[in-house]
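Everything below concerns the one structure shown next.
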Amino acid sequence: MKHFFNRRETIVTEALDGLLSTSRAGRLARLDTFPEIKVILRAGWDKSKVAIISGGGAGHEPSHAGFVGKGMLTAAVSGEIFASPSVDAVLTAIRAVTGPSGALLIVKNYTGDRLNFGLAAEKARAEGFDVEMVIVADDIAIPDITQPRGVAGTLFVHKIAGYHADAGADLKTVAAHARAAASDIVSLGMSLSACSVPGQGHEDRLGANEGELGLGIHGEPGAERIALQPVVNIVATMVERLEAKVDGMQSYALLINNLGAVPPLEMAVIANAVLSSSLARNVKLIIGPALMMTALNMNGFSLSMIRLDPVREAALVAAVEPNAWVPAVERHRIAVVAAPPTPARSNGAIAASDDGRSRGLITALCEHLVSLESELNRLDARVGDGDTGSTVATGARSVLARIDTLPLKDPAATLASVGEILSTSMGGSSGVLLSIFFTAASKAMAEKRDIAAALLAGLERMTFYGGAGVGDRTMVDALAPALEALASGNVAAAAKGAAAGAESTKAMRKARAGRASYVGERDLEGVPDPGAIAVARAFEIAAAMA
C-alpha cells in the first residue's frame with residue numbers, strides 16, 4: 001500500500017511539527033527534546049492547575065496531540081507508530097507541566113503504556129510530584145477478558161478530566177471523576193481491512209467479502225470475522241453487544257469514531273444506521289462521526305458509549321480549544337420542512353392542442369434522431385464515452401411518447417414543454433443543456449413571436465451556462481451558424497450552416513468542453529463531434545420539410 005512520507009524514522013516528528021505549524025500561533029508548543037522525546041504541550045501553561053497528561057504510540061491521529069488545549073489535555077507524549085513512549089519521555093512530560101496541583105495520567109490499557117506511564121509516575125512521585133494515574137479499558141470485544149483494551153472511549157476521559165481540571169478542581173477530585181467515567185464506558189470496533197504501516201509491507205488478512213468485528217487500534221486482528229453485509233446488519237450486531245453492556249434505563253453519550261479510512265459519506269450512513277437502531281433510545285448526546293482515535297488507514301469505525309449524569313453531561317458539552325474534539329450535540333428528530341410549491345408556469349394551464357405542421361415537424365425530427373442512435377454512438381465511442389446516440393434517442397423517444405400532451409398551437413408553450421421533457425428524461429449534461437436551450441427560447445418566444453430570435457436567445461443561455469462556444473468542438477459548432485442563418489428566414493441556409501459547422505469539428509484537434517476534452521489530439525483528428533452531427537441532421541430534416 002502506498003503512503004505519503006519521507007522516511008519512516010522521521011514520520012512522527014514531521015507530523016507533530018506539521019500539527020504545530022498549522023495550529024494557531026501561541027496555542028501549542030513542543031519540548032526541545034525531539035526526536036527521542038516527543039512531547040506536545042499547551043503553550044504558556046502556568047502549572048497552577050492539575051495537569052492532564054496522556055499519550056501513546058503514534059498512528060492514532062488526531063489522538064493524542066490533537067487534543068492538547070484548554071479544556072482537555074495539558075500535554076501529550078508520543079511514541080513511534082503503535083509503540084508506547086519511553087519512561088523518560090513520560091517523566092519529562094510530567095516534569096514540564098506539573099506544578100503544586102499535581103498531574104493526572106490517562107492511560108489506555110495496553111501493557112507497554114501501563115508499564116511506561118506507571119514507572120514514570122513512580123519516579124515522578126519519588127521526585128516530589130503529586131501524580132495519579134487512570135487506566136481506561138473500554139473495549140468489550142472479547143468477553144470475560146481480564147484486561148480489556150483501551151480504545152476510543154478514552155477520549156471521554158480526556159474531556160471529563162480536562163473539564164474538571166480547568167474548573168480548578170484538585171487532583172483527587174479530577175482523578176475520581178476520571179476513574180468513575182472510565183468504569184462507565186463501553187466501546188466496540190468494526191473494520192473491513194487491516195491498516196498498513198508506512199515503510200512496512202502490507203498484506204490484508206481479510207477476504208474480499210469479510211470484515212472484522214471487535215478489533216483494537218494497533219492493527220491487531222479482530223475478535224472474529226464476519227461476512228460483509230449491509231451497514232444496517234453490521235450495526236445491528238454491534239448494537240446487540242453494546243446493549244448487553246449498558247443500562248437500558250440510563251442516558252448515554254455516543255462517540256462515532258472513524259478508524260482512519262472510511263469516507264465521510266459512509267460514516268454518515270453508519271451514523272444514520274446507529275441512530276435508527278434500538279440503541280438510540282438511550283443516546284442523549286452524539287459526538288461525531290469523526291476521525292478522533294484512528295488506527296492509521298484502517299477502513300473501519302468504532303462506537304463508544306458513556307453513561308451520563310448531569311456533571312458528565314456538562315463536562316462533555318463544554319467548549320474546548322482543540323479543534324479535533326467534535327462538539328457534542330443532543331439527539332433530536334430530523335427536521336423536515338415542506339418544500340415550496342412549484343410555481344405555476346405560464347404554459348401550465350394551457351391544454352394540449354394540435355397543429356398538423358408542428359406535429360409533423362416534431363415527429364420527423366424525433367424519428368430521425370432515434371434512427372441515428374447507432375451512428376452517433378459509434379462516433380462518440382471514438383471521442384467520448386459512446387452514449388451520445390442513446391442519450392439523444394432517449395430524449396427524442398420521450399418527446400414522441402408525449403406529443404399528444406403538447407400545446408402544439410402555442411409555439412412558446414411547446415418549447416417550454418419540450419425543455420421540461422428533456423430535463424427529466426434525457427440525462428447527462430446534454431439533456432440539461434438542451435433543456436436550458438428550449439426553456440430560454442420559450443421565454444423569449446412568449447415575449448416576441450420570432451422563432452429564430454427565440455432560438456438564438458436559447459443558444460445564448462445554453463452557452464452561458466455550459467461554457468462552450470464556437471470552436472470548442474461541441475454541438476454549438478453546428479447550432480450557432482445554423483441559427484444565425486435562420487435569422488434571415490432561410491431554413492435551407494440554416495441546414496447548410498449546421499452541416500458546415502459539424503464538418504469543421506473534424507479538423508479540431510483539441511476539445512475544450514465535454515468528454516472529448518479528455519481525449520488526445522490523435523484520437524480526435526478526422527472524427528466529427530457527434531452532438532454537432534445530430535444538430536446538422538436535425539436541420540436537414542427541417543429544411544426538407546420547409
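Chain labels A, B, ... are given in the sequence in which chains occur in the C-alpha cells; within each chain residues are numbered consecutively from 1, and ligands are likewise numbered from 1 in the order shown.
For Ala457 (chain A), the list of residues within 6 Å, based on only C-alpha atoms and with local chain neighbours fewer than 3 positions off taken out, reads Ala441, Ala454 and Glu460 of chain A.
Shell of region 252-259 of chain A at 7 Å, with only C-alpha atoms counted and residues fewer than 2 places along the chain excluded, is Gln250, Ala261, Val262, Asn282, Val283, Lys284, Leu285, Ile286, Ile287, Gly288, Pro289, Ala290, Leu291, Met292, Met293, Thr294, Ala295, Met298, Asn299, Gly300, Phe301, Ser302, Leu303, Ser304, Met305, Ile306, Arg307 and Leu308 of chain A.
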What's the 8 Å shell around Ile270 (chain A), counting only C-alpha atoms, without same-chain residues fewer than 5 positions away, as a PDB file with C-alpha atoms, in the first residue's frame?
```
ATOM      1  CA  VAL A 231     -24.394  -1.482   7.216  1.00  0.00           C
ATOM      2  CA  VAL A 232     -27.726  -1.869   8.988  1.00  0.00           C
ATOM      3  CA  VAL A 235     -24.673  -2.077  13.153  1.00  0.00           C
TER       4      VAL A 235
END
```
Kindly provide the residues of region 210-282 of chain A that approach region 141-161 of chain A to within 8 Å, each paired with its closest atom pair and their distance in Å to one decimal, based on only C-alpha atoms, listed by chain and increasing number, as JSON lines.
```
{"residue": "A:Leu213", "atom": "CA", "partner": "A:Ala141", "partner_atom": "CA", "distance": 7.6}
{"residue": "A:Gly214", "atom": "CA", "partner": "A:Ala141", "partner_atom": "CA", "distance": 4.4}
{"residue": "A:Leu215", "atom": "CA", "partner": "A:Ala141", "partner_atom": "CA", "distance": 6.9}
{"residue": "A:Gly216", "atom": "CA", "partner": "A:Val151", "partner_atom": "CA", "distance": 6.6}
{"residue": "A:Ile217", "atom": "CA", "partner": "A:Val151", "partner_atom": "CA", "distance": 6.6}
{"residue": "A:Ala223", "atom": "CA", "partner": "A:Ala141", "partner_atom": "CA", "distance": 6.3}
{"residue": "A:Leu255", "atom": "CA", "partner": "A:Gly153", "partner_atom": "CA", "distance": 7.6}
{"residue": "A:Asn257", "atom": "CA", "partner": "A:Ala152", "partner_atom": "CA", "distance": 7.2}
```
Dump as a short mmCIF file (atom, residue, chain, number, x, y, z; two decimals), in the first residue's frame, selection limited to C-alpha atoms:
```cif
data_model
loop_
_atom_site.label_atom_id
_atom_site.label_comp_id
_atom_site.auth_asym_id
_atom_site.auth_seq_id
_atom_site.Cartn_x
_atom_site.Cartn_y
_atom_site.Cartn_z
CA LEU A 213 -15.59 -7.29 14.46
CA GLY A 214 -14.09 -6.39 17.80
CA LEU A 215 -10.67 -5.01 16.97
CA GLY A 216 -8.26 -2.71 18.72
CA ILE A 217 -6.38 0.33 17.39
CA ALA A 223 -12.05 -10.92 17.81
CA LEU A 255 -18.99 8.65 20.14
CA ASN A 257 -15.28 7.27 15.58
#
```
Pull the alpha helix (DSSP H) assignments for region 282-486 of chain A out of DSSP run on the backbone, and list those residues as a ChimeraX atom specification.
-> /A:310-317,356-371,373-383,388-401,411-425,428-447,451-466,476-486
Need the shell around region 32-34 of chain A: protein/DNA/RNA residues with any atom at most 10 Å away, counting only C-alpha atoms. Skip same-chain ones fewer than 4 positions apart. Format as a PDB file with C-alpha atoms, in the first residue's frame?
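Okay, this is what ended up in around-v1.pdb:
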```pdb
ATOM      1  CA  THR A  13       8.313  14.105  14.387  1.00  0.00           C
ATOM      2  CA  LYS A  38       8.202  13.823  21.722  1.00  0.00           C
ATOM      3  CA  VAL A  39       6.027  15.954  23.989  1.00  0.00           C
ATOM      4  CA  ALA A  89       9.537  10.657  27.706  1.00  0.00           C
ATOM      5  CA  THR A  92       9.910  14.525  31.039  1.00  0.00           C
TER       6      THR A  92
END
```
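Remark: for Arg30 (chain A), the closest of the candidate residues A:Gly356, A:Ala75, A:Arg241, A:Gly59 is A:Ala75 (distances computed over only C-alpha atoms).
When DSSP is run on the backbone, the residues of region 286-508 of chain A that fall into strand (DSSP E or B) are Ile286, Ile287, Gly288, Pro289, Ala290, Leu291, Met298, Gly300, Phe301, Ser302, Leu303, Ser304, Met305, Ile306, Arg307, Val329, Glu330, Ser353 and Pro407 of chain A.
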Smallest atom-to-atom distance to Arg7 (chain A): which of A:Gly128, A:Gly112, A:Pro198, A:Gly162, using only C-alpha atoms?
-> A:Pro198
Close residues, Ala453 (chain A) itself excluded, 10 Å, only C-alpha atoms, min 6 positions apart in chain, as JSON, numbers by chain = {"A": [441, 444, 445, 459, 483, 484, 486, 487]}
Write the selection just made, keeping C-alpha atoms, as a JSON list (two decimals), in the first residue's frame?
```json
[["chain", "number", "residue", "atom", "x", "y", "z"],
["A", 441, "ALA", "CA", -36.20, 30.02, -26.08],
["A", 444, "ALA", "CA", -38.09, 34.74, -25.49],
["A", 445, "MET", "CA", -40.83, 33.41, -27.78],
["A", 459, "LEU", "CA", -28.40, 29.39, -27.57],
["A", 483, "LEU", "CA", -29.38, 29.77, -36.05],
["A", 484, "GLU", "CA", -27.54, 32.78, -37.41],
["A", 486, "LEU", "CA", -32.12, 31.03, -39.72],
["A", 487, "ALA", "CA", -32.39, 34.63, -38.55]]
```
For Ala546 (chain A), list every protein, DNA or RNA residue within 12 Å, evaluated using only C-alpha atoms, and leave out those in the same chain fewer than 6 positions away; present the list as a list in words.
-> Arg357, Ser358, Gly360, Leu361, Leu486, Gly489, Asn490, Val491, Ala492, Ala493, Ala494, Ala495, Phe539 and Glu540 of chain A
Write to file, as a PDB file, in the first residue's frame, the residues of the selection just made, with C-alpha atoms.
```
ATOM      1  CA  ARG A 357     -47.458  21.337 -39.238  1.00  0.00           C
ATOM      2  CA  SER A 358     -45.853  21.406 -35.791  1.00  0.00           C
ATOM      3  CA  GLY A 360     -45.276  16.694 -38.448  1.00  0.00           C
ATOM      4  CA  LEU A 361     -42.030  18.589 -37.920  1.00  0.00           C
ATOM      5  CA  LEU A 486     -32.124  31.025 -39.722  1.00  0.00           C
ATOM      6  CA  GLY A 489     -35.552  33.361 -42.666  1.00  0.00           C
ATOM      7  CA  ASN A 490     -33.792  30.757 -44.773  1.00  0.00           C
ATOM      8  CA  VAL A 491     -34.104  27.233 -43.389  1.00  0.00           C
ATOM      9  CA  ALA A 492     -32.024  25.770 -46.224  1.00  0.00           C
ATOM     10  CA  ALA A 493     -29.190  28.158 -45.382  1.00  0.00           C
ATOM     11  CA  ALA A 494     -29.516  27.132 -41.737  1.00  0.00           C
ATOM     12  CA  ALA A 495     -29.114  23.477 -42.724  1.00  0.00           C
ATOM     13  CA  PHE A 539     -31.642  20.852 -39.652  1.00  0.00           C
ATOM     14  CA  GLU A 540     -31.533  18.652 -42.759  1.00  0.00           C
TER      15      GLU A 540
END
```
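Considering only C-alpha atoms, the residue among A:Gly466, A:Gly458, A:Pro411, A:Pro340 positioned nearest to Ala352 (chain A) is A:Pro411.
Those residues that approach Ala273 (chain A) to within 12 Å, counting only C-alpha atoms, are Pro230, Val231, Val232, Asn233, Ile234, Val235, Ala236, Thr237, Met238, Val239, Ile256, Glu266, Met267, Ala268, Val269, Ser277, Ser278, Leu279, Ala280, Pro289 and Leu303 of chain A; same-chain residues fewer than 4 positions away are not listed.
In terms of minimum interatomic distance to Lys443 (chain A), A:Ala412 ranks closest within A:Ala25, A:Ala165, A:Ala412, A:Val418, counting only C-alpha atoms.
CA of Val77 (chain A) is found 27.9 Å from CA of Ser193 (chain A).
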